[in-house]
Each structure stands twice: as C-alpha cells, then as structure tokens.
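Peer 1: What follows is the file coords.cif, containing mmCIF, C-alpha atoms and all ligand atoms:
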```
data_coords
loop_
_atom_site.label_atom_id
_atom_site.label_comp_id
_atom_site.auth_asym_id
_atom_site.auth_seq_id
_atom_site.Cartn_x
_atom_site.Cartn_y
_atom_site.Cartn_z
CA MET A 44 13.61 -74.00 15.02
CA LYS A 45 10.13 -73.84 13.53
CA LYS A 46 8.72 -72.47 16.79
CA GLN A 47 11.44 -69.78 16.86
CA ARG A 48 10.65 -68.73 13.26
CA LEU A 49 6.94 -68.49 14.11
CA LEU A 50 7.72 -66.28 17.13
CA ILE A 51 9.90 -63.96 15.03
CA LEU A 52 7.17 -63.74 12.37
CA THR A 53 4.51 -62.91 14.98
CA LEU A 54 6.73 -60.25 16.54
CA PHE A 55 7.48 -58.75 13.12
CA THR A 56 3.77 -58.61 12.23
CA ALA A 57 2.96 -56.93 15.56
CA LEU A 58 5.70 -54.36 15.03
CA LEU A 59 4.52 -53.69 11.49
CA LEU A 60 0.96 -53.13 12.67
CA ALA A 61 2.09 -50.77 15.41
CA PHE A 62 4.25 -48.85 12.96
CA THR A 63 1.48 -48.50 10.39
CA GLY A 64 -0.79 -47.14 13.11
CA CYS A 65 1.74 -44.43 14.03
CA SER A 66 2.65 -43.42 10.52
CA GLN A 67 -0.83 -42.55 9.26
CA SER A 68 -0.83 -39.57 6.95
CA PRO A 69 -2.24 -36.34 8.47
CA GLU A 70 -5.37 -36.74 6.29
CA THR A 71 -6.05 -40.23 7.60
CA LYS A 72 -5.45 -39.06 11.12
CA GLU A 73 -7.87 -36.21 10.80
CA SER A 74 -10.73 -38.22 9.44
CA PRO A 75 -11.90 -39.48 12.83
CA LYS A 76 -11.95 -35.84 13.98
CA GLU A 77 -14.02 -34.85 10.96
CA LYS A 78 -16.60 -37.51 11.69
CA PRO A 79 -17.91 -36.13 14.96
CA GLN A 80 -17.95 -32.64 13.38
CA THR A 81 -20.17 -33.83 10.55
CA GLN A 82 -22.27 -35.78 13.00
CA LYS A 83 -22.62 -32.78 15.22
CA VAL A 84 -24.05 -30.68 12.41
CA SER A 85 -26.42 -33.41 11.27
CA SER A 86 -27.53 -34.23 14.81
CA ALA A 87 -28.25 -30.53 15.32
CA SER A 88 -30.25 -30.55 12.12
CA ALA A 89 -32.24 -33.55 13.24
CA SER A 90 -33.09 -32.32 16.69
CA GLY A 91 -32.74 -28.54 16.73
CA LYS A 92 -34.78 -27.24 13.81
CA LYS A 93 -35.51 -24.06 15.73
CA ASP A 94 -31.80 -23.30 16.00
CA ARG A 95 -31.56 -22.86 12.28
CA PRO A 96 -32.94 -19.89 10.37
CA ASN A 97 -35.94 -20.29 8.09
CA ILE A 98 -34.86 -19.22 4.62
CA LYS A 99 -37.19 -18.94 1.66
CA ILE A 100 -35.67 -19.32 -1.81
CA LEU A 101 -37.60 -17.44 -4.48
CA ALA A 102 -36.53 -18.65 -7.90
CA THR A 103 -36.79 -16.56 -11.06
CA GLY A 104 -34.65 -18.54 -13.54
CA GLY A 105 -31.35 -17.53 -15.14
CA THR A 106 -28.19 -19.53 -15.70
CA ILE A 107 -28.26 -20.90 -12.15
CA ALA A 108 -31.38 -22.75 -13.37
CA GLY A 109 -29.92 -23.28 -16.83
CA ALA A 110 -29.12 -26.56 -18.54
CA ASP A 111 -27.31 -27.82 -21.60
CA LYS A 112 -26.65 -31.19 -23.26
CA SER A 113 -22.92 -30.56 -23.10
CA LYS A 114 -21.04 -30.51 -19.79
CA THR A 115 -18.19 -28.53 -21.31
CA SER A 116 -20.10 -25.71 -22.95
CA THR A 117 -20.67 -22.67 -20.75
CA THR A 118 -22.37 -20.40 -23.27
CA GLU A 119 -24.72 -22.49 -25.44
CA TYR A 120 -27.24 -23.32 -22.73
CA LYS A 121 -30.85 -22.42 -22.01
CA SER A 122 -31.60 -20.17 -19.02
CA GLY A 123 -34.47 -20.90 -16.64
CA VAL A 124 -34.98 -24.64 -17.22
CA VAL A 125 -34.53 -26.20 -13.78
CA GLY A 126 -37.17 -25.62 -11.10
CA VAL A 127 -36.61 -24.43 -7.54
CA GLU A 128 -37.06 -27.89 -5.99
CA SER A 129 -34.23 -29.26 -8.15
CA LEU A 130 -32.02 -26.31 -7.17
CA ILE A 131 -32.61 -27.13 -3.51
CA GLU A 132 -32.11 -30.89 -4.01
CA ALA A 133 -28.78 -30.22 -5.72
CA VAL A 134 -27.37 -28.68 -2.51
CA PRO A 135 -28.51 -30.92 0.37
CA GLU A 136 -25.79 -29.33 2.56
CA MET A 137 -28.02 -26.26 2.87
CA LYS A 138 -30.27 -28.26 5.18
CA ASP A 139 -27.45 -28.34 7.74
CA ILE A 140 -27.40 -24.56 8.01
CA ALA A 141 -31.03 -23.54 7.43
CA ASN A 142 -34.61 -24.71 7.10
CA VAL A 143 -34.91 -24.11 3.39
CA SER A 144 -38.06 -24.01 1.32
CA GLY A 145 -38.62 -22.78 -2.22
CA GLU A 146 -41.11 -20.94 -4.37
CA GLN A 147 -41.02 -20.42 -8.12
CA ILE A 148 -41.81 -16.80 -8.99
CA VAL A 149 -41.02 -17.14 -12.72
CA ASN A 150 -38.48 -19.19 -14.66
CA VAL A 151 -36.93 -16.90 -17.28
CA GLY A 152 -33.63 -15.51 -18.47
CA SER A 153 -33.09 -12.24 -16.66
CA THR A 154 -33.37 -10.13 -19.82
CA ASN A 155 -37.07 -11.00 -19.57
CA ILE A 156 -37.49 -9.78 -16.02
CA ASP A 157 -39.87 -6.84 -16.41
CA ASN A 158 -41.56 -4.30 -14.14
CA LYS A 159 -44.49 -6.63 -13.53
CA ILE A 160 -42.15 -9.34 -12.21
CA LEU A 161 -40.25 -6.81 -10.09
CA LEU A 162 -43.49 -5.72 -8.42
CA LYS A 163 -44.61 -9.31 -7.88
CA LEU A 164 -41.24 -10.19 -6.34
CA THR A 165 -41.12 -7.26 -3.93
CA LYS A 166 -44.72 -7.77 -2.82
CA ARG A 167 -44.08 -11.47 -2.17
CA ILE A 168 -40.89 -10.74 -0.24
CA ASN A 169 -42.59 -8.08 1.89
CA LYS A 170 -45.39 -10.51 2.70
CA LEU A 171 -42.99 -13.32 3.60
CA LEU A 172 -40.69 -11.15 5.71
CA ALA A 173 -43.63 -9.75 7.67
CA SER A 174 -44.05 -13.24 9.10
CA ASP A 175 -42.07 -14.45 12.12
CA ASP A 176 -41.66 -17.75 10.30
CA VAL A 177 -39.27 -16.32 7.71
CA ASP A 178 -35.81 -15.09 8.73
CA GLY A 179 -34.34 -14.31 5.35
CA ILE A 180 -34.87 -14.45 1.59
CA VAL A 181 -32.69 -15.74 -1.22
CA VAL A 182 -33.64 -14.78 -4.77
CA THR A 183 -32.12 -16.87 -7.55
CA HIS A 184 -31.77 -14.79 -10.70
CA GLY A 185 -30.06 -14.54 -14.07
CA THR A 186 -26.89 -12.50 -13.86
CA ASP A 187 -27.51 -10.25 -16.87
CA THR A 188 -29.95 -7.93 -15.10
CA LEU A 189 -29.40 -9.17 -11.55
CA GLU A 190 -28.09 -5.81 -10.37
CA GLU A 191 -31.30 -4.06 -11.48
CA THR A 192 -33.56 -6.42 -9.53
CA ALA A 193 -31.25 -6.29 -6.52
CA TYR A 194 -31.28 -2.49 -6.50
CA PHE A 195 -35.07 -2.45 -6.91
CA LEU A 196 -35.39 -4.73 -3.86
CA ASN A 197 -32.87 -2.54 -2.02
CA LEU A 198 -35.27 0.38 -2.43
CA THR A 199 -38.64 -1.34 -2.01
CA VAL A 200 -38.33 -4.18 0.54
CA LYS A 201 -39.78 -3.01 3.84
CA SER A 202 -37.85 -5.15 6.28
CA ASP A 203 -34.34 -5.27 7.66
CA LYS A 204 -34.20 -9.06 7.45
CA PRO A 205 -31.56 -10.25 4.96
CA VAL A 206 -32.45 -10.38 1.27
CA VAL A 207 -29.75 -12.00 -0.85
CA VAL A 208 -29.80 -12.15 -4.64
CA VAL A 209 -27.73 -14.91 -6.21
CA GLY A 210 -26.96 -16.25 -9.67
CA SER A 211 -24.30 -18.22 -11.44
CA MET A 212 -22.25 -17.85 -14.58
CA ARG A 213 -22.24 -21.52 -15.50
CA PRO A 214 -25.36 -23.63 -16.05
CA SER A 215 -26.27 -26.37 -13.60
CA THR A 216 -25.06 -29.03 -16.07
CA ALA A 217 -21.53 -27.63 -16.56
CA ILE A 218 -18.29 -28.98 -15.18
CA SER A 219 -17.46 -26.78 -12.19
CA ALA A 220 -20.92 -25.22 -12.14
CA ASP A 221 -20.74 -22.28 -9.74
CA GLY A 222 -24.46 -22.32 -8.90
CA PRO A 223 -24.44 -24.82 -6.01
CA SER A 224 -21.70 -23.09 -4.01
CA ASN A 225 -23.15 -19.65 -4.74
CA LEU A 226 -26.57 -20.84 -3.56
CA TYR A 227 -25.11 -22.43 -0.44
CA ASN A 228 -23.27 -19.19 0.38
CA ALA A 229 -26.38 -17.10 -0.29
CA VAL A 230 -28.41 -19.20 2.16
CA LYS A 231 -25.62 -18.91 4.70
CA VAL A 232 -25.55 -15.11 4.40
CA ALA A 233 -29.36 -14.85 4.45
CA GLY A 234 -29.39 -16.81 7.70
CA THR A 235 -26.78 -14.66 9.40
CA PRO A 236 -28.03 -12.07 11.90
CA GLU A 237 -25.10 -9.79 10.90
CA ALA A 238 -26.59 -9.54 7.39
CA LYS A 239 -29.62 -7.71 8.82
CA GLY A 240 -30.06 -4.03 8.01
CA LYS A 241 -27.62 -3.99 5.10
CA GLY A 242 -30.18 -3.69 2.32
CA ALA A 243 -30.33 -6.17 -0.55
CA LEU A 244 -27.08 -8.08 -0.92
CA VAL A 245 -25.63 -9.89 -3.92
CA VAL A 246 -23.63 -13.08 -3.35
CA LEU A 247 -21.50 -14.70 -6.04
CA ASN A 248 -17.97 -16.03 -6.24
CA ASP A 249 -17.42 -15.95 -2.44
CA ARG A 250 -18.08 -12.20 -2.31
CA ILE A 251 -20.92 -10.26 -0.64
CA ALA A 252 -21.79 -7.01 -2.38
CA SER A 253 -24.28 -4.22 -1.81
CA ALA A 254 -27.02 -4.02 -4.44
CA ARG A 255 -26.34 -0.28 -4.57
CA TYR A 256 -22.81 -0.63 -5.89
CA VAL A 257 -22.35 -4.00 -7.55
CA THR A 258 -22.38 -4.42 -11.30
CA LYS A 259 -21.71 -7.15 -13.85
CA THR A 260 -18.35 -6.41 -15.46
CA ASN A 261 -17.55 -9.43 -17.61
CA THR A 262 -19.66 -11.34 -20.14
CA THR A 263 -18.66 -14.88 -19.14
CA ALA A 264 -16.15 -14.99 -16.26
CA THR A 265 -17.22 -16.26 -12.84
CA ASP A 266 -15.67 -13.23 -11.10
CA THR A 267 -17.85 -10.85 -13.08
CA PHE A 268 -19.63 -9.07 -10.19
CA LYS A 269 -17.59 -6.16 -8.90
CA SER A 270 -18.11 -3.08 -6.78
CA GLU A 271 -15.12 -1.34 -8.23
CA GLU A 272 -15.07 2.06 -6.51
CA MET A 273 -16.68 1.03 -3.24
CA GLY A 274 -15.46 -2.48 -2.58
CA TYR A 275 -17.38 -5.50 -1.40
CA VAL A 276 -19.42 -5.58 1.79
CA GLY A 277 -17.84 -8.84 2.79
CA THR A 278 -16.38 -12.18 1.84
CA ILE A 279 -17.18 -15.81 2.52
CA ALA A 280 -14.38 -18.22 3.33
CA ASP A 281 -16.34 -20.90 5.19
CA ASP A 282 -17.12 -18.17 7.73
CA ILE A 283 -18.67 -14.86 6.76
CA TYR A 284 -16.61 -11.70 7.10
CA PHE A 285 -18.34 -8.32 6.79
CA ASN A 286 -15.95 -5.45 6.05
CA ASN A 287 -17.96 -2.40 4.98
CA GLU A 288 -21.05 -0.53 6.12
CA ILE A 289 -23.83 0.56 3.75
CA THR A 290 -24.34 4.29 4.10
CA ARG A 291 -26.93 4.95 1.35
CA ARG A 292 -30.61 4.79 2.33
CA HIS A 293 -32.32 1.48 1.67
CA THR A 294 -35.22 -0.87 2.49
CA LYS A 295 -37.22 0.44 5.51
CA ASP A 296 -35.55 3.84 5.21
CA THR A 297 -36.71 4.75 1.69
CA ASP A 298 -39.56 6.94 0.44
CA PHE A 299 -40.79 4.21 -1.87
CA SER A 300 -43.53 1.67 -1.39
CA VAL A 301 -44.90 -0.53 -4.13
CA SER A 302 -47.66 -2.15 -2.09
CA ASN A 303 -50.39 -0.23 -3.96
CA LEU A 304 -48.74 -0.18 -7.38
CA ASP A 305 -49.63 -2.38 -10.34
CA GLN A 306 -47.28 -0.72 -12.76
CA LEU A 307 -44.28 1.57 -12.89
CA PRO A 308 -43.73 4.63 -15.08
CA GLN A 309 -41.92 4.03 -18.38
CA VAL A 310 -38.28 5.06 -18.17
CA ASP A 311 -35.99 4.48 -21.15
CA ILE A 312 -32.23 4.49 -21.43
CA MET A 313 -30.33 6.22 -24.21
CA TYR A 314 -26.67 5.78 -25.04
CA GLY A 315 -24.49 8.76 -25.94
CA TYR A 316 -22.08 8.46 -28.87
CA GLN A 317 -20.46 10.66 -31.51
CA ASN A 318 -22.97 11.96 -34.06
CA ASP A 319 -26.00 11.00 -31.94
CA GLY A 320 -29.19 13.00 -32.46
CA SER A 321 -32.17 14.65 -30.80
CA TYR A 322 -34.51 12.27 -32.64
CA LEU A 323 -33.71 9.51 -30.08
CA PHE A 324 -35.30 11.64 -27.34
CA ASP A 325 -38.25 12.49 -29.61
CA ALA A 326 -38.81 8.77 -30.26
CA ALA A 327 -38.75 7.91 -26.55
CA VAL A 328 -41.20 10.71 -25.69
CA LYS A 329 -43.49 9.59 -28.52
CA ALA A 330 -43.36 6.03 -27.19
CA GLY A 331 -44.65 7.22 -23.82
CA ALA A 332 -41.50 7.69 -21.72
CA LYS A 333 -42.06 9.58 -18.47
CA GLY A 334 -38.35 9.53 -17.79
CA ILE A 335 -35.15 9.17 -19.79
CA VAL A 336 -31.73 8.16 -18.50
CA TYR A 337 -28.95 9.28 -20.80
CA ALA A 338 -25.73 7.23 -20.59
CA GLY A 339 -23.56 10.15 -21.58
CA SER A 340 -19.87 10.21 -22.29
CA GLY A 341 -17.47 11.12 -19.46
CA ASN A 342 -19.18 13.05 -16.66
CA GLY A 343 -22.64 12.61 -18.22
CA SER A 344 -21.95 14.91 -21.19
CA LEU A 345 -24.39 15.41 -24.06
CA SER A 346 -23.66 16.44 -27.63
CA ASP A 347 -25.41 19.64 -28.75
CA ALA A 348 -27.90 17.56 -30.73
CA ALA A 349 -28.65 15.24 -27.81
CA GLU A 350 -28.98 18.23 -25.47
CA LYS A 351 -31.54 19.79 -27.82
CA GLY A 352 -33.57 16.56 -27.67
CA ALA A 353 -33.19 16.33 -23.89
CA VAL A 354 -34.31 19.91 -23.27
CA SER A 355 -37.28 19.44 -25.58
CA ALA A 356 -38.25 16.28 -23.65
CA VAL A 357 -38.03 18.16 -20.32
CA LYS A 358 -40.33 20.88 -21.74
CA LYS A 359 -42.87 18.13 -22.50
CA GLY A 360 -42.83 17.03 -18.84
CA VAL A 361 -40.33 14.16 -19.15
CA THR A 362 -37.62 13.85 -16.50
CA VAL A 363 -34.12 13.47 -17.92
CA VAL A 364 -31.23 12.12 -15.83
CA ARG A 365 -27.63 12.16 -17.01
CA SER A 366 -25.63 9.05 -16.18
CA THR A 367 -22.39 7.85 -17.73
CA ARG A 368 -21.23 5.18 -20.11
CA THR A 369 -17.76 5.10 -18.46
CA GLY A 370 -18.71 2.47 -15.87
CA ASN A 371 -17.31 4.33 -12.88
CA GLY A 372 -17.41 7.62 -11.04
CA ALA A 373 -20.13 10.07 -10.05
CA VAL A 374 -21.95 12.25 -12.56
CA THR A 375 -22.03 15.72 -11.02
CA PRO A 376 -24.94 18.20 -11.32
CA ASN A 377 -23.02 20.77 -13.39
CA GLN A 378 -24.67 24.20 -13.28
CA ASP A 379 -25.32 24.50 -17.04
CA TYR A 380 -27.18 21.23 -17.08
CA ALA A 381 -28.91 21.78 -13.73
CA GLU A 382 -30.36 25.08 -14.96
CA LYS A 383 -32.02 23.13 -17.79
CA ASP A 384 -33.33 20.53 -15.32
CA LEU A 385 -31.04 17.87 -16.77
CA LEU A 386 -30.44 15.91 -13.54
CA ALA A 387 -27.36 13.97 -12.42
CA SER A 388 -27.38 10.27 -11.52
CA ASN A 389 -24.64 10.60 -8.90
CA SER A 390 -22.77 7.26 -8.93
CA LEU A 391 -25.64 5.15 -10.23
CA ASN A 392 -24.95 3.44 -13.53
CA PRO A 393 -27.61 3.92 -16.24
CA GLN A 394 -29.52 0.70 -15.53
CA LYS A 395 -29.76 1.44 -11.81
CA ALA A 396 -30.53 5.12 -12.45
CA ARG A 397 -33.53 3.84 -14.44
CA ILE A 398 -34.71 1.83 -11.42
CA LEU A 399 -34.47 4.83 -9.08
CA LEU A 400 -36.08 7.17 -11.61
CA MET A 401 -39.07 4.83 -12.04
CA LEU A 402 -39.59 4.80 -8.28
CA ALA A 403 -38.96 8.54 -7.96
CA LEU A 404 -41.64 9.22 -10.57
CA THR A 405 -44.18 7.29 -8.51
CA LYS A 406 -43.76 10.05 -5.90
CA THR A 407 -43.11 13.30 -7.76
CA ASP A 408 -42.03 14.97 -10.99
CA ASP A 409 -40.37 17.89 -9.20
CA PRO A 410 -36.79 17.96 -10.54
CA HIS A 411 -35.35 19.25 -7.24
CA LYS A 412 -36.94 16.43 -5.26
CA ILE A 413 -35.82 13.86 -7.83
CA GLN A 414 -32.26 15.22 -7.76
CA ALA A 415 -32.37 14.91 -3.95
CA TYR A 416 -33.33 11.22 -4.33
CA PHE A 417 -30.33 10.66 -6.59
CA ASN A 418 -28.08 12.33 -4.01
CA GLU A 419 -29.42 10.17 -1.17
CA TYR A 420 -30.01 6.71 -2.60
N1 LIG A 501 -28.63 -14.98 -19.74
C1 LIG A 501 -28.54 -15.34 -18.38
C2 LIG A 501 -29.57 -14.58 -17.59
O1 LIG A 501 -29.36 -13.47 -17.20
C3 LIG A 501 -27.21 -15.10 -17.86
C4 LIG A 501 -26.99 -15.59 -16.47
O2 LIG A 501 -27.88 -15.88 -15.70
O3 LIG A 501 -25.81 -15.66 -16.10
O4 LIG A 501 -30.58 -15.10 -17.32
#
```
Would it be possible to restate this file's structure as structure tokens?
Peer 2:
Amino acid sequence: MKKQRLLILTLFTALLLAFTGCSQSPETKESPKEKPQTQKVSSASASGKKDRPNIKILATGGTIAGADKSKTSTTEYKSGVVGVESLIEAVPEMKDIANVSGEQIVNVGSTNIDNKILLKLTKRINKLLASDDVDGIVVTHGTDTLEETAYFLNLTVKSDKPVVVVGSMRPSTAISADGPSNLYNAVKVAGTPEAKGKGALVVLNDRIASARYVTKTNTTATDTFKSEEMGYVGTIADDIYFNNEITRRHTKDTDFSVSNLDQLPQVDIMYGYQNDGSYLFDAAVKAGAKGIVYAGSGNGSLSDAAEKGAVSAVKKGVTVVRSTRTGNGAVTPNQDYAEKDLLASNSLNPQKARILLMLALTKTDDPHKIQAYFNEY
C-alpha cells in the first residue's frame, strides 16, 4: 500500500512539473529569447567597437543637467549642475549603440547662452566633425533657448554629419526624468547614417525635428517642442523613422562661416503691442543695435508710432526685420513696408530671425541681399 502511494505521489509530482513547464506565462517564455538578444548587443560592444559610431556629447547645461532636493518638484530646480560625465554614466545603454565621449562646453541655464558661447560651440563642432574619428555630435542644452542654438548650428556647422541638440523638461533628480531617454535617443539619431545632411536636428519626447522649424510651445510640459506648420522630420519608436525632407538651405550650403569671427553684431528683439512707441527703436539704436527684429502683431504689422521708430532706425543704418508675435505663419514682404526697407522674416519666429539677422549682418547690410537670405534660409 505504502509503495503504491509513493508511486502515485511521484507520478503526480512529475505531471505537475511538466504542466508548470508548459503553462509559463508569455513573459516568462520570452525571457530566454531576450537573453541572447541582450548578449548579442553587449558582445558586439565588446568586440566590434569599430561597428559603432563615435559620438561626441558636448554639454552646455540646462534642465537635463539640473538637480533638485525634491524628486517630485519639476520646477524648483537648478539648471546646469550635473557634469557631462555624470550624464553619460546615467545612461550606460548608450555604450551599446555608440562609442560615446563627452566634453563640457559650459554648464549654464540656456537663458545665459550668449553669442560668445554660440561661436565657441560651432567652432568646436566644426573642428570635431572635420576628423574621421567623429561621426556625429550631440549637444545637451537647456530647453528655453534651445531652438536658437540649434538654428545657429543649422546655419554655421560646415559638415553634413549629424548634429543633434537635446534637452529635457524635468531635472535629472525628478521622478520620470525625461533626460536619460532623450539623451539615448539623441545619440541613436546622431549615429544614424540617415540623419546625415539634414542640418541640425532637435530630439525630445521621441520626436526628431528640424532646427529650422521647431519651437518651444509650453512652459513645463514634456511635449513642448513642436513644428506646428511643418511637422516633425521623424519619430523614434525603438527604431528611427524619418518622414520629411529639409528643403531650406543649411550647414555646408549656407553663406555663413564663423571660423574667423570673435563676435556677432548686436541684434535686438522688440515686441509689438497696443500703444507701443518709437522710443523703443530709439533706445535700441542708442544701445548699439545693428539690427532690430520686430515681433509685430498679425502679419508683422507695426503701429504708426512703431513704424516711425523703425523707419528712423533704418535711416541710421540699422536693419529692421518684421516678424510676428502670433507663433505661426509667414510674414510677407508687403509693398508698403518693403519700400521703406522694413524686411520680412518669412516663417522665422522672432528669436530665430535674430539669429539669421546676426549672421546676415556679418556678410552685408544691403536690404535686398538680407531679404533674399530670409527667403532662402
Ligand atoms: N531653464 C532651463 C534652461 O533652459 C529650462 C530647461 O532646460 O528646460 O536651461
């Protein structure tokens, strides 16, 4: 009897074991498949360094390098605290897709990125990309003025290798910090041969945007970067999908070179509003402006008072470009304004019109030539 019971028990245990083996959940079943995949990537990284692109990360600060005592606060943090090595260490997965190295250019909030830093950044990028040892550049940057730096690089980098500007909306210490995945994606895009020849790109929130069109649209949300009229260049969903071509002139195909420049001409931005006055233009001219971008209402309209100030500035040799405060649409070179040499920014927002006007003024002060730049870039 005892022997029989033992036999039944053994049989039952064997059956139970066999059953458990067959009824593994899909997740458990997939894990052995995942293992070789992970191994494959890491074995490639150990043995095939040459197979992976060499990506240089140039860090400038911003929220992506920001930190706070609280993990739950996403607004009360300090920008530009964490150094580039820590940014790289925080995303070890990057090493599986690229040979990554870092350089600290500055470590500031992006409202403190000035012309001097822009020149330093472009010159460094041009030097690095001239070398066969560098396949692509990632610039980490605060989001507040990211679009200005990206557009500057779009016009002044002299290489068709990928240049990707990246930031984050949440500091590195926050729950669900978006910096690590944005940085990983930026490195992935910078190492992709398909990203070549597209000008400076901006990567955040799984989207790839052209520096020419993208703008920050929301003060705090992670989906703040939009290219509303033109759409994104591509998306990242594990793989990279490019959807749109860049038709505006950029990088190697521009008239601008900063290699011999130590400074850029002063260009100020003025905002149009009801009851504004000509004295704003007078003040800018007195402060040394060589160019003024006017963020006018609607299609770059000026009040009579503002127009008086603008025309007076033009007569003193200052170039005035009409942009718009609306956030979208092209400002057209209406005849009345064109006759007074009040130029039109085309579809550049005021902050990007300032970037182009600074560069334009390094070449010429001829209003027709400058208007042609605005039509082309
Ligand atoms: N204030 C920050 C900066 O631009 C904002 C950010 O990076 O998101 O540096």
Peer 1: Would you kindly return, as number ranges by chain, each protein, DNA or RNA residue with an atom no farther than 7 Å from any atom of range 218-228 of chain A, considering all atoms listed in the file and excluding same-chain residues fewer than 4 positions away?
Peer 2: A: 107, 114-115, 133-134, 137, 209-214, 232, 246-248
Peer 1: Got time to write the residues from that selection, C-alpha atoms, as a short mmCIF file (atom, residue, chain, number, x, y, z; two decimals), keeping the file's coordinate frame?
Peer 2:
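In the end it all went to selection-v9.cif:
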```
data_model
loop_
_atom_site.label_atom_id
_atom_site.label_comp_id
_atom_site.auth_asym_id
_atom_site.auth_seq_id
_atom_site.Cartn_x
_atom_site.Cartn_y
_atom_site.Cartn_z
CA ILE A 107 -28.26 -20.90 -12.15
CA LYS A 114 -21.04 -30.51 -19.79
CA THR A 115 -18.19 -28.53 -21.31
CA ALA A 133 -28.78 -30.22 -5.72
CA VAL A 134 -27.37 -28.68 -2.51
CA MET A 137 -28.02 -26.26 2.87
CA VAL A 209 -27.73 -14.91 -6.21
CA GLY A 210 -26.96 -16.25 -9.67
CA SER A 211 -24.30 -18.22 -11.44
CA MET A 212 -22.25 -17.85 -14.58
CA ARG A 213 -22.24 -21.52 -15.50
CA PRO A 214 -25.36 -23.63 -16.05
CA VAL A 232 -25.55 -15.11 4.40
CA VAL A 246 -23.63 -13.08 -3.35
CA LEU A 247 -21.50 -14.70 -6.04
CA ASN A 248 -17.97 -16.03 -6.24
#
```
Peer 1: Write out as a VMD selection string each polymer residue (protein, DNA or RNA) that has an atom no more than 12 Å from ligand LIG 501 (chain A), with only C-alpha atoms and all ligand atoms counted.
Peer 2: chain A and resid 102 to 110 117 to 124 149 to 156 183 to 192 208 to 215 220 to 222 247 259 to 268
Peer 1: Could you give me, as a PyMOL selection string, the residues that sit within 9 Å of (-39.5, -13.6, 7.1) in the file's coordinates, counting all atoms listed in the file?
Peer 2: chain A and resi 97-99+168-180+202+204-205
Peer 1: With a distance cut-off of 9 Å and only C-alpha atoms, select the neighbouring residues of Ala252 in chain A, excluding the residue or stretch itself and same-chain residues fewer than 5 positions from it, and output the selection as JSON, numbers by chain.
Peer 2: {"A": [243, 244, 245, 246, 247, 257, 268, 269, 270, 274, 275, 276, 277, 278]}
Peer 1: Atoms to include: C-alpha atoms. Write the selected residues as a short mmCIF file (atom, residue, chain, number, x, y, z; two decimals), in the frame of the given file.
Peer 2:
```cif
data_model
loop_
_atom_site.label_atom_id
_atom_site.label_comp_id
_atom_site.auth_asym_id
_atom_site.auth_seq_id
_atom_site.Cartn_x
_atom_site.Cartn_y
_atom_site.Cartn_z
CA ALA A 243 -30.33 -6.17 -0.55
CA LEU A 244 -27.08 -8.08 -0.92
CA VAL A 245 -25.63 -9.89 -3.92
CA VAL A 246 -23.63 -13.08 -3.35
CA LEU A 247 -21.50 -14.70 -6.04
CA VAL A 257 -22.35 -4.00 -7.55
CA PHE A 268 -19.63 -9.07 -10.19
CA LYS A 269 -17.59 -6.16 -8.90
CA SER A 270 -18.11 -3.08 -6.78
CA GLY A 274 -15.46 -2.48 -2.58
CA TYR A 275 -17.38 -5.50 -1.40
CA VAL A 276 -19.42 -5.58 1.79
CA GLY A 277 -17.84 -8.84 2.79
CA THR A 278 -16.38 -12.18 1.84
#
```
Peer 1: Out of A:Thr362, A:Ala332, A:Ala254, A:Ser344, which residue has the shortest atom-to-atom distance to Asp379 in chain A when counting all atoms listed in the file?
Peer 2: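 So, comparing all the options, the nearest one is A:Ser344.
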Peer 1: Separation of CA of Val301 in chain A and CA of Phe417 in chain A, in Å?
Peer 2: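 Those two atoms sit 18.5 Å apart.
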Peer 1: Which is closest to Gly242 in chain A among A:Leu164, A:Asp305, A:Tyr420, A:Ala373, if we use all atoms listed in the file?
Peer 2: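 Nearest candidate to Gly242 in chain A out of A:Leu164, A:Asp305, A:Tyr420, A:Ala373: A:Tyr420.
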Peer 1: One decimal, in Å: what's the spacing between CA of Tyr322 in chain A and CA of Lys351 in chain A?
Peer 2: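 Going from CA of Tyr322 in chain A over to CA of Lys351 in chain A covers 9.4 Å.
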Peer 1: Could you give me, as an NGL selection string, the residues within 9 Å of Ser302 in chain A, counting all atoms listed in the file and dropping anything in the same chain fewer than 6 positions from it?
Peer 2: :A and (162 or 165-166 or 169)
Peer 1: Could you please determine the separation between CA of Gly320 in chain A and CA of Ser340 in chain A in Å, to one decimal place?
Peer 2: 14.1 Å
Peer 1: Within 12 Å of range 288-293 of chain A, which residues of range 98-203 of chain A show up? Give each one with its shortest atom-to-atom distance in Å (one decimal) and the two atoms involved, counting all atoms listed in the file, rows by chain then rising residue number, as a tab-separated table.
Peer 2:
```
residue	atom	partner	partner_atom	distance
A:Ala193	CA	A:His293	CA	11.3
A:Tyr194	CA	A:His293	CA	9.1
A:Phe195	CA	A:His293	CA	9.8
A:Leu196	CA	A:His293	CA	8.9
A:Asn197	CA	A:His293	CA	5.5
A:Leu198	CA	A:His293	CA	5.2
A:Thr199	CA	A:His293	CA	7.8
A:Val200	CA	A:His293	CA	8.3
A:Lys201	CA	A:His293	CA	9.0
A:Ser202	CA	A:His293	CA	9.8
A:Asp203	CA	A:His293	CA	9.2
```
Peer 1: Find, counting only C-alpha atoms, the residue in A:Pro308, A:Pro135, A:Pro236, A:Gly145 that gets nearest to Asn158 in chain A.
Peer 2: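 Under the stated criterion, the closest residue is A:Pro308.
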